[in-house]
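Reproduced below: entry19.cif, with mmCIF, C-alpha atoms and all ligand atoms.
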data_data
#
loop_
_atom_site.group_PDB
_atom_site.id
_atom_site.type_symbol
_atom_site.label_atom_id
_atom_site.label_comp_id
_atom_site.auth_asym_id
_atom_site.auth_seq_id
_atom_site.Cartn_x
_atom_site.Cartn_y
_atom_site.Cartn_z
ATOM 1 C CA MET A 1 0.000 0.000 0.000
ATOM 2 C CA PRO A 2 1.388 3.442 -0.868
ATOM 3 C CA LEU A 3 2.794 5.551 1.942
ATOM 4 C CA VAL A 4 2.202 9.292 1.999
ATOM 5 C CA SER A 5 3.712 11.971 4.177
ATOM 6 C CA ASP A 6 1.733 14.978 5.351
ATOM 7 C CA ARG A 7 1.641 17.609 8.052
ATOM 8 C CA CYS A 8 -1.011 16.605 10.610
ATOM 9 C CA VAL A 9 -2.825 17.767 13.731
ATOM 10 C CA CYS A 10 -4.251 15.134 16.077
ATOM 11 C CA LEU A 11 -7.964 15.860 16.596
ATOM 12 C CA ARG A 12 -9.039 12.772 18.556
ATOM 13 C CA LYS A 13 -7.341 9.839 20.201
ATOM 14 C CA VAL A 14 -8.473 6.642 21.831
ATOM 15 C CA ALA A 15 -6.366 3.933 23.389
ATOM 16 C CA TYR A 16 -6.506 0.679 21.439
ATOM 17 C CA SER A 17 -5.193 -2.414 23.212
ATOM 18 C CA GLU A 18 -2.472 -1.984 25.824
ATOM 19 C CA THR A 19 0.003 -0.391 23.514
ATOM 20 C CA SER A 20 -1.701 1.202 20.520
ATOM 21 C CA GLN A 21 -3.737 4.308 19.735
ATOM 22 C CA ILE A 22 -6.398 5.055 17.162
ATOM 23 C CA LEU A 23 -6.242 8.662 16.063
ATOM 24 C CA LEU A 24 -8.278 11.016 13.946
ATOM 25 C CA LEU A 25 -5.776 13.231 12.158
ATOM 26 C CA PHE A 26 -6.411 16.393 10.188
ATOM 27 C CA ALA A 27 -3.852 16.103 7.399
ATOM 28 C CA ARG A 28 -3.042 19.228 5.427
ATOM 29 C CA ASP A 29 -3.296 17.655 1.977
ATOM 30 C CA HIS A 30 -5.442 14.599 2.782
ATOM 31 C CA GLY A 31 -8.179 15.958 5.044
ATOM 32 C CA LEU A 32 -9.453 13.820 7.923
ATOM 33 C CA VAL A 33 -7.651 10.491 8.197
ATOM 34 C CA ARG A 34 -8.159 7.706 10.755
ATOM 35 C CA VAL A 35 -4.947 5.932 11.661
ATOM 36 C CA ILE A 36 -3.748 3.284 14.039
ATOM 37 C CA ALA A 37 -0.445 3.986 15.784
ATOM 38 C CA LYS A 38 0.734 0.492 16.675
ATOM 39 C CA GLY A 39 2.920 0.291 19.730
ATOM 40 C CA ALA A 40 2.534 4.000 20.507
ATOM 41 C CA HIS A 41 2.562 3.350 24.242
ATOM 42 C CA ARG A 42 5.195 0.626 24.193
ATOM 43 C CA THR A 43 8.525 1.595 25.635
ATOM 44 C CA THR A 44 11.702 -0.285 24.880
ATOM 45 C CA LYS A 45 15.032 -0.553 26.648
ATOM 46 C CA ALA A 46 16.271 2.093 24.275
ATOM 47 C CA GLY A 47 13.560 4.515 25.504
ATOM 48 C CA ALA A 48 10.202 5.558 24.131
ATOM 49 C CA SER A 49 8.562 4.044 21.056
ATOM 50 C CA LYS A 50 8.938 5.558 17.622
ATOM 51 C CA PHE A 51 5.859 7.652 18.459
ATOM 52 C CA GLY A 52 7.584 9.198 21.460
ATOM 53 C CA GLY A 53 5.576 7.329 24.070
ATOM 54 C CA GLY A 54 2.177 8.380 22.718
ATOM 55 C CA ILE A 55 0.551 11.042 20.590
ATOM 56 C CA ASP A 56 -1.476 13.745 22.269
ATOM 57 C CA LEU A 57 -4.489 15.785 21.225
ATOM 58 C CA LEU A 58 -3.521 18.866 19.180
ATOM 59 C CA ASP A 59 0.049 17.636 18.585
ATOM 60 C CA LEU A 60 1.369 18.863 15.249
ATOM 61 C CA ALA A 61 3.713 16.567 13.351
ATOM 62 C CA ASP A 62 5.115 15.446 10.041
ATOM 63 C CA ALA A 63 3.450 12.082 9.662
ATOM 64 C CA VAL A 64 3.798 9.134 7.294
ATOM 65 C CA PHE A 65 0.844 6.780 6.881
ATOM 66 C CA THR A 66 -0.614 4.235 4.485
ATOM 67 C CA HIS A 67 -3.067 5.819 2.122
ATOM 68 C CA ASP A 68 -6.064 4.051 0.676
ATOM 69 C CA PRO A 69 -9.309 6.058 0.744
ATOM 70 C CA GLU A 70 -11.226 2.767 0.418
ATOM 71 C CA ARG A 71 -10.016 1.653 3.825
ATOM 72 C CA GLU A 72 -11.405 3.034 7.029
ATOM 73 C CA LEU A 73 -8.176 2.791 8.985
ATOM 74 C CA SER A 74 -4.698 3.744 7.806
ATOM 75 C CA THR A 75 -1.508 2.706 9.561
ATOM 76 C CA LEU A 76 0.723 5.409 10.967
ATOM 77 C CA THR A 77 4.377 4.591 10.345
ATOM 78 C CA GLU A 78 6.176 7.819 11.331
ATOM 79 C CA TRP A 79 5.347 10.773 13.562
ATOM 80 C CA SER A 80 7.937 13.561 13.854
ATOM 81 C CA LEU A 81 6.558 15.997 16.385
ATOM 82 C CA ARG A 82 6.897 19.637 15.324
ATOM 83 C CA GLU A 83 4.874 21.298 18.054
ATOM 84 C CA GLY A 84 3.531 19.888 21.325
ATOM 85 C CA HIS A 85 2.003 23.237 22.468
ATOM 86 C CA LEU A 86 3.561 23.203 25.932
ATOM 87 C CA GLU A 87 2.564 26.791 26.639
ATOM 88 C CA LEU A 88 -1.047 26.187 25.562
ATOM 89 C CA ARG A 89 -1.267 23.104 27.805
ATOM 90 C CA ARG A 90 -0.692 25.339 30.824
ATOM 91 C CA ASN A 91 -3.611 27.587 29.842
ATOM 92 C CA LEU A 92 -6.975 26.007 30.649
ATOM 93 C CA ARG A 93 -9.130 28.427 28.655
ATOM 94 C CA GLY A 94 -6.840 28.170 25.642
ATOM 95 C CA MET A 95 -6.861 24.363 25.860
ATOM 96 C CA TYR A 96 -10.657 24.194 25.953
ATOM 97 C CA LEU A 97 -10.933 26.502 22.947
ATOM 98 C CA ALA A 98 -8.311 24.489 21.052
ATOM 99 C CA GLN A 99 -10.095 21.221 21.827
ATOM 100 C CA TYR A 100 -13.372 22.781 20.743
ATOM 101 C CA ALA A 101 -11.789 23.920 17.461
ATOM 102 C CA ALA A 102 -10.568 20.323 16.992
ATOM 103 C CA GLU A 103 -14.027 18.940 17.751
ATOM 104 C CA LEU A 104 -15.677 21.280 15.247
ATOM 105 C CA VAL A 105 -13.174 20.391 12.517
ATOM 106 C CA ALA A 106 -13.721 16.675 13.196
ATOM 107 C CA MET A 107 -17.502 17.118 12.997
ATOM 108 C CA LEU A 108 -17.832 19.491 10.040
ATOM 109 C CA ILE A 109 -15.266 18.199 7.538
ATOM 110 C CA GLU A 110 -15.785 15.016 5.532
ATOM 111 C CA GLU A 111 -13.122 12.314 5.658
ATOM 112 C CA HIS A 112 -10.523 12.403 2.860
ATOM 113 C CA ASP A 113 -11.659 15.870 1.762
ATOM 114 C CA PRO A 114 -8.572 18.138 1.837
ATOM 115 C CA HIS A 115 -8.829 21.687 3.206
ATOM 116 C CA PRO A 116 -5.215 22.956 3.184
ATOM 117 C CA GLU A 117 -6.121 26.598 3.882
ATOM 118 C CA LEU A 118 -8.260 25.615 6.815
ATOM 119 C CA PHE A 119 -5.424 23.434 8.063
ATOM 120 C CA ASP A 120 -3.059 26.397 7.977
ATOM 121 C CA ARG A 121 -5.636 28.519 9.792
ATOM 122 C CA LEU A 122 -6.058 25.848 12.485
ATOM 123 C CA GLU A 123 -2.318 25.480 12.965
ATOM 124 C CA HIS A 124 -1.940 29.216 13.357
ATOM 125 C CA THR A 125 -5.034 29.576 15.546
ATOM 126 C CA ILE A 126 -3.857 26.923 18.035
ATOM 127 C CA LYS A 127 -0.722 29.023 18.553
ATOM 128 C CA GLU A 128 -2.781 32.148 19.162
ATOM 129 C CA LEU A 129 -4.980 30.387 21.714
ATOM 130 C CA ALA A 130 -2.034 30.502 24.140
ATOM 131 C CA THR A 131 -1.993 34.316 23.936
ATOM 132 C CA PRO A 132 -4.330 37.067 25.243
ATOM 133 C CA ARG A 133 -5.853 37.102 21.730
ATOM 134 C CA ALA A 134 -7.487 33.704 22.289
ATOM 135 C CA GLU A 135 -11.129 34.814 22.134
ATOM 136 C CA GLU A 136 -10.905 36.718 18.857
ATOM 137 C CA ALA A 137 -8.577 34.121 17.319
ATOM 138 C CA PHE A 138 -11.062 31.349 18.092
ATOM 139 C CA LEU A 139 -14.044 33.305 16.779
ATOM 140 C CA ALA A 140 -12.276 34.177 13.517
ATOM 141 C CA PHE A 141 -11.341 30.521 13.002
ATOM 142 C CA GLU A 142 -14.869 29.351 13.825
ATOM 143 C CA LEU A 143 -16.276 31.739 11.202
ATOM 144 C CA ASP A 144 -13.765 30.526 8.595
ATOM 145 C CA LEU A 145 -14.531 26.891 9.359
ATOM 146 C CA MET A 146 -18.273 27.368 9.071
ATOM 147 C CA ARG A 147 -17.964 29.416 5.921
ATOM 148 C CA GLU A 148 -15.719 26.835 4.258
ATOM 149 C CA THR A 149 -17.882 23.847 5.259
ATOM 150 C CA GLY A 150 -21.207 25.495 4.423
ATOM 151 C CA TYR A 151 -22.434 25.657 8.026
ATOM 152 C CA LEU A 152 -22.405 29.424 8.287
ATOM 153 C CA THR A 153 -25.731 30.801 9.412
ATOM 154 C CA GLU A 154 -27.612 33.808 8.034
ATOM 155 C CA LEU A 155 -26.471 36.710 10.197
ATOM 156 C CA VAL A 156 -27.892 39.753 8.419
ATOM 157 C CA SER A 157 -31.374 39.247 6.957
ATOM 158 C CA CYS A 158 -34.274 37.905 8.978
ATOM 159 C CA VAL A 159 -34.813 34.293 7.834
ATOM 160 C CA SER A 160 -38.564 34.863 7.913
ATOM 161 C CA CYS A 161 -39.139 38.230 6.194
ATOM 162 C CA GLY A 162 -35.727 39.260 4.825
ATOM 163 C CA ARG A 163 -35.406 42.551 6.724
ATOM 164 C CA ASP A 164 -32.064 43.562 8.184
ATOM 165 C CA ALA A 165 -32.346 41.894 11.578
ATOM 166 C CA ALA A 166 -29.335 43.571 13.158
ATOM 167 C CA SER A 167 -30.738 47.060 12.669
ATOM 168 C CA SER A 168 -33.089 46.820 15.652
ATOM 169 C CA ASP A 169 -31.844 46.079 19.131
ATOM 170 C CA ALA A 170 -34.153 43.161 19.839
ATOM 171 C CA THR A 171 -32.861 40.348 17.685
ATOM 172 C CA PHE A 172 -33.176 36.597 17.882
ATOM 173 C CA PHE A 173 -31.512 33.551 16.472
ATOM 174 C CA SER A 174 -33.231 30.351 15.392
ATOM 175 C CA PRO A 175 -31.032 27.197 15.417
ATOM 176 C CA SER A 176 -33.565 25.281 13.321
ATOM 177 C CA ARG A 177 -33.921 28.010 10.670
ATOM 178 C CA GLY A 178 -30.180 28.616 10.705
ATOM 179 C CA GLY A 179 -30.299 32.371 11.000
ATOM 180 C CA VAL A 180 -31.398 35.563 12.654
ATOM 181 C CA VAL A 181 -34.987 36.598 13.211
ATOM 182 C CA CYS A 182 -36.253 40.177 13.485
ATOM 183 C CA ARG A 183 -38.540 41.505 16.178
ATOM 184 C CA ASN A 184 -41.597 41.451 13.903
ATOM 185 C CA CYS A 185 -41.223 37.754 13.137
ATOM 186 C CA GLU A 186 -40.237 36.717 16.623
ATOM 187 C CA THR A 187 -43.616 35.188 17.456
ATOM 188 C CA VAL A 188 -43.750 32.810 14.482
ATOM 189 C CA ILE A 189 -40.388 31.168 15.245
ATOM 190 C CA HIS A 190 -40.508 28.761 18.160
ATOM 191 C CA ASP A 191 -36.874 28.004 18.900
ATOM 192 C CA ARG A 192 -35.650 31.602 18.996
ATOM 193 C CA ILE A 193 -32.940 32.674 21.414
ATOM 194 C CA GLY A 194 -32.194 36.313 22.136
ATOM 195 C CA ILE A 195 -28.945 37.729 20.795
ATOM 196 C CA ASP A 196 -27.612 41.249 21.224
ATOM 197 C CA ALA A 197 -27.713 43.033 17.847
ATOM 198 C CA ARG A 198 -24.386 44.727 18.658
ATOM 199 C CA LEU A 199 -22.793 41.262 18.759
ATOM 200 C CA LEU A 200 -24.279 40.416 15.367
ATOM 201 C CA ARG A 201 -22.834 43.608 13.921
ATOM 202 C CA LEU A 202 -19.488 42.730 15.481
ATOM 203 C CA VAL A 203 -19.545 39.292 13.791
ATOM 204 C CA GLN A 204 -20.440 40.928 10.477
ATOM 205 C CA SER A 205 -17.510 43.336 10.755
ATOM 206 C CA ILE A 206 -15.133 40.443 11.518
ATOM 207 C CA MET A 207 -16.397 38.591 8.462
ATOM 208 C CA ARG A 208 -15.647 41.547 6.227
ATOM 209 C CA LEU A 209 -11.960 41.478 7.196
ATOM 210 C CA PRO A 210 -9.718 39.913 4.586
ATOM 211 C CA ARG A 211 -8.650 36.435 5.687
ATOM 212 C CA SER A 212 -5.098 35.489 6.464
ATOM 213 C CA ASN A 213 -3.150 33.922 9.278
ATOM 214 C CA GLY A 214 -2.635 37.347 10.764
ATOM 215 C CA THR A 215 -6.376 37.998 11.030
ATOM 216 C CA ALA A 216 -6.482 37.972 14.827
ATOM 217 C CA GLN A 217 -3.926 40.772 14.940
ATOM 218 C CA ARG A 218 -6.395 43.088 13.268
ATOM 219 C CA LEU A 219 -9.467 42.046 15.214
ATOM 220 C CA PRO A 220 -10.806 44.080 18.090
ATOM 221 C CA ARG A 221 -9.872 42.627 21.470
ATOM 222 C CA LEU A 222 -12.852 40.507 22.572
ATOM 223 C CA THR A 223 -13.911 39.173 25.945
ATOM 224 C CA ARG A 224 -15.873 36.050 26.844
ATOM 225 C CA HIS A 225 -18.796 38.312 27.640
ATOM 226 C CA GLN A 226 -18.897 39.042 23.894
ATOM 227 C CA THR A 227 -17.823 35.719 22.436
ATOM 228 C CA ASP A 228 -19.807 33.277 24.600
ATOM 229 C CA PRO A 229 -23.235 34.270 23.161
ATOM 230 C CA ILE A 230 -21.868 34.092 19.597
ATOM 231 C CA ASN A 231 -20.148 30.751 20.166
ATOM 232 C CA ARG A 232 -23.327 29.422 21.787
ATOM 233 C CA MET A 233 -25.434 30.539 18.812
ATOM 234 C CA PHE A 234 -23.150 28.638 16.407
ATOM 235 C CA ALA A 235 -22.961 25.569 18.696
ATOM 236 C CA GLU A 236 -26.753 25.303 18.818
ATOM 237 C CA HIS A 237 -26.954 25.634 15.048
ATOM 238 C CA VAL A 238 -24.335 22.908 14.477
ATOM 239 C CA GLU A 239 -26.012 20.591 16.998
ATOM 240 C CA HIS A 240 -29.386 21.132 15.383
ATOM 241 C CA THR A 241 -28.028 20.569 11.857
ATOM 242 C CA LEU A 242 -26.027 17.442 12.710
ATOM 243 C CA GLY A 243 -28.612 16.099 15.140
ATOM 244 C CA ARG A 244 -25.991 15.385 17.786
ATOM 245 C CA ARG A 245 -24.549 17.071 20.831
ATOM 246 C CA LEU A 246 -21.113 18.621 20.826
ATOM 247 C CA ARG A 247 -18.900 17.640 23.746
ATOM 248 C CA LEU A 248 -16.863 20.787 24.382
ATOM 249 C CA PRO A 249 -19.431 23.631 24.627
ATOM 250 C CA LYS A 250 -20.121 22.825 28.261
ATOM 251 C CA TYR A 251 -16.485 23.644 29.015
ATOM 252 C CA VAL A 252 -16.199 26.565 26.623
ATOM 253 C CA LEU A 253 -19.466 28.422 27.165
ATOM 254 C CA ASP A 254 -20.357 30.028 30.441
ATOM 255 C CA PHE A 255 -24.071 29.298 30.493
ATOM 256 C CA ASP A 256 -24.548 31.015 33.860
ATOM 257 C CA ALA A 257 -23.494 34.355 32.412
ATOM 258 C CA GLY A 258 -26.117 34.276 29.673
HETATM 259 ZN ZN ZN A 301 -38.565 39.272 10.057
#
Have the structure of the file written as C-alpha cells, please.
Ligand SMILES: [Zn+2]
Amino acid sequence: MPLVSDRCVCLRKVAYSETSQILLLFARDHGLVRVIAKGAHRTTKAGASKFGGGIDLLDLADAVFTHDPERELSTLTEWSLREGHLELRRNLRGMYLAQYAAELVAMLIEEHDPHPELFDRLEHTIKELATPRAEEAFLAFELDLMRETGYLTELVSCVSCGRDAASSDATFFSPSRGGVVCRNCETVIHDRIGIDARLLRLVQSIMRLPRSNGTAQRLPRLTRHQTDPINRMFAEHVEHTLGRRLRLPKYVLDFDAG
C-alpha cells in the first residue's frame, strides 16, 4: 500500500489495546484520516517508542501513513513531532478553545476531503490560543470553518421576512432556521434565542476582514462576555443541523453568564 507523508494535527485519540492508539488526524493535503499507531505506548530498553511514548491531542507533526481512501483505517508509520504546544497546555481556557476547534473540525469536515487553507488557519489559531488574543482568534477561526464547510448561518437578513435583523436592538436567532430573526417575526419562530444586535454587527464586521493567518492581529480585542453568546449561537446551530450534541461547549461556554 502506498505511503504518503503529510503535516497533521491530532484531533481525537483513543487507546486501542495496551500499547496502541487510534487517532483522527487532520492532514493538510489529505483531510481527515483515521490511523492506528501500533505500539505507541510501548517503551523499549532504548527509551520511548517511535511515536515518542504516545501522541497527544492537538500535537502537530510530520506524519507518514498508508493511504487508501477505500479503507477506514490507515496505519501510521512515522510521527515527527513539530509542536507539542507546551505553553497552551498550561492555559486552561486556551486548551478548551483548542479542543473545541478540533471537535468542530472533526464534525464538520468530511473524511478524505482536503482543506489545506483551513489546516493552515487551524495550525496558526492553536498558537494564538495561548496568547491574550485567544477569544478573537477562536471566533475568527470558527467563522472561517463554518464558511468553508457550508455551516455558516444567516447573520444579516431575517430568515422569515428578509429585513435587516441587526438594525433593531431586539434580535433573535433560530437554530432550526439557521439564522437571525427580526422583532416582527419573533412570534412565528418557536426556537428563537435572544442575541444582542451589537454582537451580530461585530460578527459581520469580523467577516468583512480579509482572511489570512494574521487575522487575529487586526481584530478588536474581545472578551468572553462578547464571544460566549456568539459561540453558543453557532454551537446550537451545528447541533441542530447534525442532530448530535457537541462535547466541548459545556467547558467553553459560560451558560450562567447568559
Ligand atoms: Zn422578520
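Comparing the minimum interatomic distances between ligand ZN 301 (chain A) and each of A:Pro210, A:Gly194, A:Gly178, A:Gly162, counting all atoms listed in the file, we find that A:Gly162 sits nearest.
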Mind listing the residues within 7 Å of ligand ZN 301 (chain A), all atoms listed in the file counted, as a ChimeraX atom specification?
/A:158-163,165,181-185
What does the PyMOL selection byres (((chain A and resi 31-42) around 8) and not hetatm) select in this file, as a count of residues only?
39
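The residues returned by the PyMOL selection byres (((chain A and resi 166-176) around 7) and not hetatm) on the shown structure are A:Val156, A:Asp164, A:Ala165, A:Arg177, A:Gly178, A:Gly179, A:Val180, A:Val181, A:Cys182, A:Arg183, A:Asp191, A:Arg192, A:Ile193, A:Gly194, A:Ile195, A:Asp196, A:Ala197, A:Leu200, A:Arg201, A:Glu236, A:His237, A:His240.
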Using the chain letters and residue numbers of this document, give as JSON, numbers by chain the residues selected by the PyMOL selection byres (((chain A and resi 61) around 12) and not hetatm).
{"A": [5, 6, 7, 8, 9, 10, 25, 26, 27, 28, 51, 52, 55, 56, 57, 58, 59, 60, 62, 63, 64, 76, 78, 79, 80, 81, 82, 83, 84, 85, 123]}
Which neighbours of Met1 (chain A) fall inside 9 Å, counting only C-alpha atoms, when residues of the same chain fewer than 4 positions from it are skipped, and could you give them as a ChimeraX atom specification?
/A:66-68
For region 134-146 of chain A: contacts at 8 Å, all atoms listed in the file, fewer than 6 positions along chain excluded, given as a PyMOL selection string
chain A and resi 94+97-98+101+105+108+118+121-122+125+128+152+206-207+215-216+219-224+227+231
Can you write just those residues out, C-alpha atoms, as a PDB file, in the frame of the given file?
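For reference, part_1.pdb as written:
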ATOM      1  CA  GLY A  94      -6.840  28.170  25.642  1.00  0.00           C
ATOM      2  CA  LEU A  97     -10.933  26.502  22.947  1.00  0.00           C
ATOM      3  CA  ALA A  98      -8.311  24.489  21.052  1.00  0.00           C
ATOM      4  CA  ALA A 101     -11.789  23.920  17.461  1.00  0.00           C
ATOM      5  CA  VAL A 105     -13.174  20.391  12.517  1.00  0.00           C
ATOM      6  CA  LEU A 108     -17.832  19.491  10.040  1.00  0.00           C
ATOM      7  CA  LEU A 118      -8.260  25.615   6.815  1.00  0.00           C
ATOM      8  CA  ARG A 121      -5.636  28.519   9.792  1.00  0.00           C
ATOM      9  CA  LEU A 122      -6.058  25.848  12.485  1.00  0.00           C
ATOM     10  CA  THR A 125      -5.034  29.576  15.546  1.00  0.00           C
ATOM     11  CA  GLU A 128      -2.781  32.148  19.162  1.00  0.00           C
ATOM     12  CA  LEU A 152     -22.405  29.424   8.287  1.00  0.00           C
ATOM     13  CA  ILE A 206     -15.133  40.443  11.518  1.00  0.00           C
ATOM     14  CA  MET A 207     -16.397  38.591   8.462  1.00  0.00           C
ATOM     15  CA  THR A 215      -6.376  37.998  11.030  1.00  0.00           C
ATOM     16  CA  ALA A 216      -6.482  37.972  14.827  1.00  0.00           C
ATOM     17  CA  LEU A 219      -9.467  42.046  15.214  1.00  0.00           C
ATOM     18  CA  PRO A 220     -10.806  44.080  18.090  1.00  0.00           C
ATOM     19  CA  ARG A 221      -9.872  42.627  21.470  1.00  0.00           C
ATOM     20  CA  LEU A 222     -12.852  40.507  22.572  1.00  0.00           C
ATOM     21  CA  THR A 223     -13.911  39.173  25.945  1.00  0.00           C
ATOM     22  CA  ARG A 224     -15.873  36.050  26.844  1.00  0.00           C
ATOM     23  CA  THR A 227     -17.823  35.719  22.436  1.00  0.00           C
ATOM     24  CA  ASN A 231     -20.148  30.751  20.166  1.00  0.00           C
TER      25      ASN A 231
END
Do you have the CA of Gly150 (chain A)-CA of Arg245 (chain A) distance handy?
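CA of Arg245 (chain A) lies at a distance of 18.7 Å from CA of Gly150 (chain A).
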Go ahead and compute the interatomic distance for CA of Arg12 (chain A) and CA of Arg90 (chain A), in Å to one decimal.
19.4 Å
Calculate how many Å separate CA of Asp254 (chain A) from CA of Arg147 (chain A), rounding to one decimal.
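About the pair CA of Asp254 (chain A) and CA of Arg147 (chain A): they are 24.6 Å apart.
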May I have the centre and edge lengths, in Å to one decimal, of an axis-aligned box around the listed atoms of region 177-190 of chain A with 4 Å added to every side, as AutoDock Vina command-line options?
--center_x -37.0 --center_y 34.8 --center_z 14.4 --size_x 21.6 --size_y 21.5 --size_z 15.5
List the spatial neighbours of Asn91 (chain A) as a list of chain:residue names - criterion: any atom at most 10 Å away, only C-alpha atoms, same-chain residues fewer than 3 positions off excluded.
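Near neighbours after the sequence-gap exclusion: A:Leu86, A:Glu87, A:Leu88, A:Gly94, A:Met95, A:Tyr96, A:Leu129, A:Ala130, A:Thr131.
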My list of candidates is A:Tyr151, A:Arg218, A:Leu209, A:Met107. Which is closest to Arg133 (chain A) when distances are computed with all atoms listed in the file?
A:Arg218
Across A:Ile126, A:Arg244, A:Gln226, A:Val4, the smallest distance to Arg93 (chain A), with all atoms listed in the file counted, is shown by A:Ile126
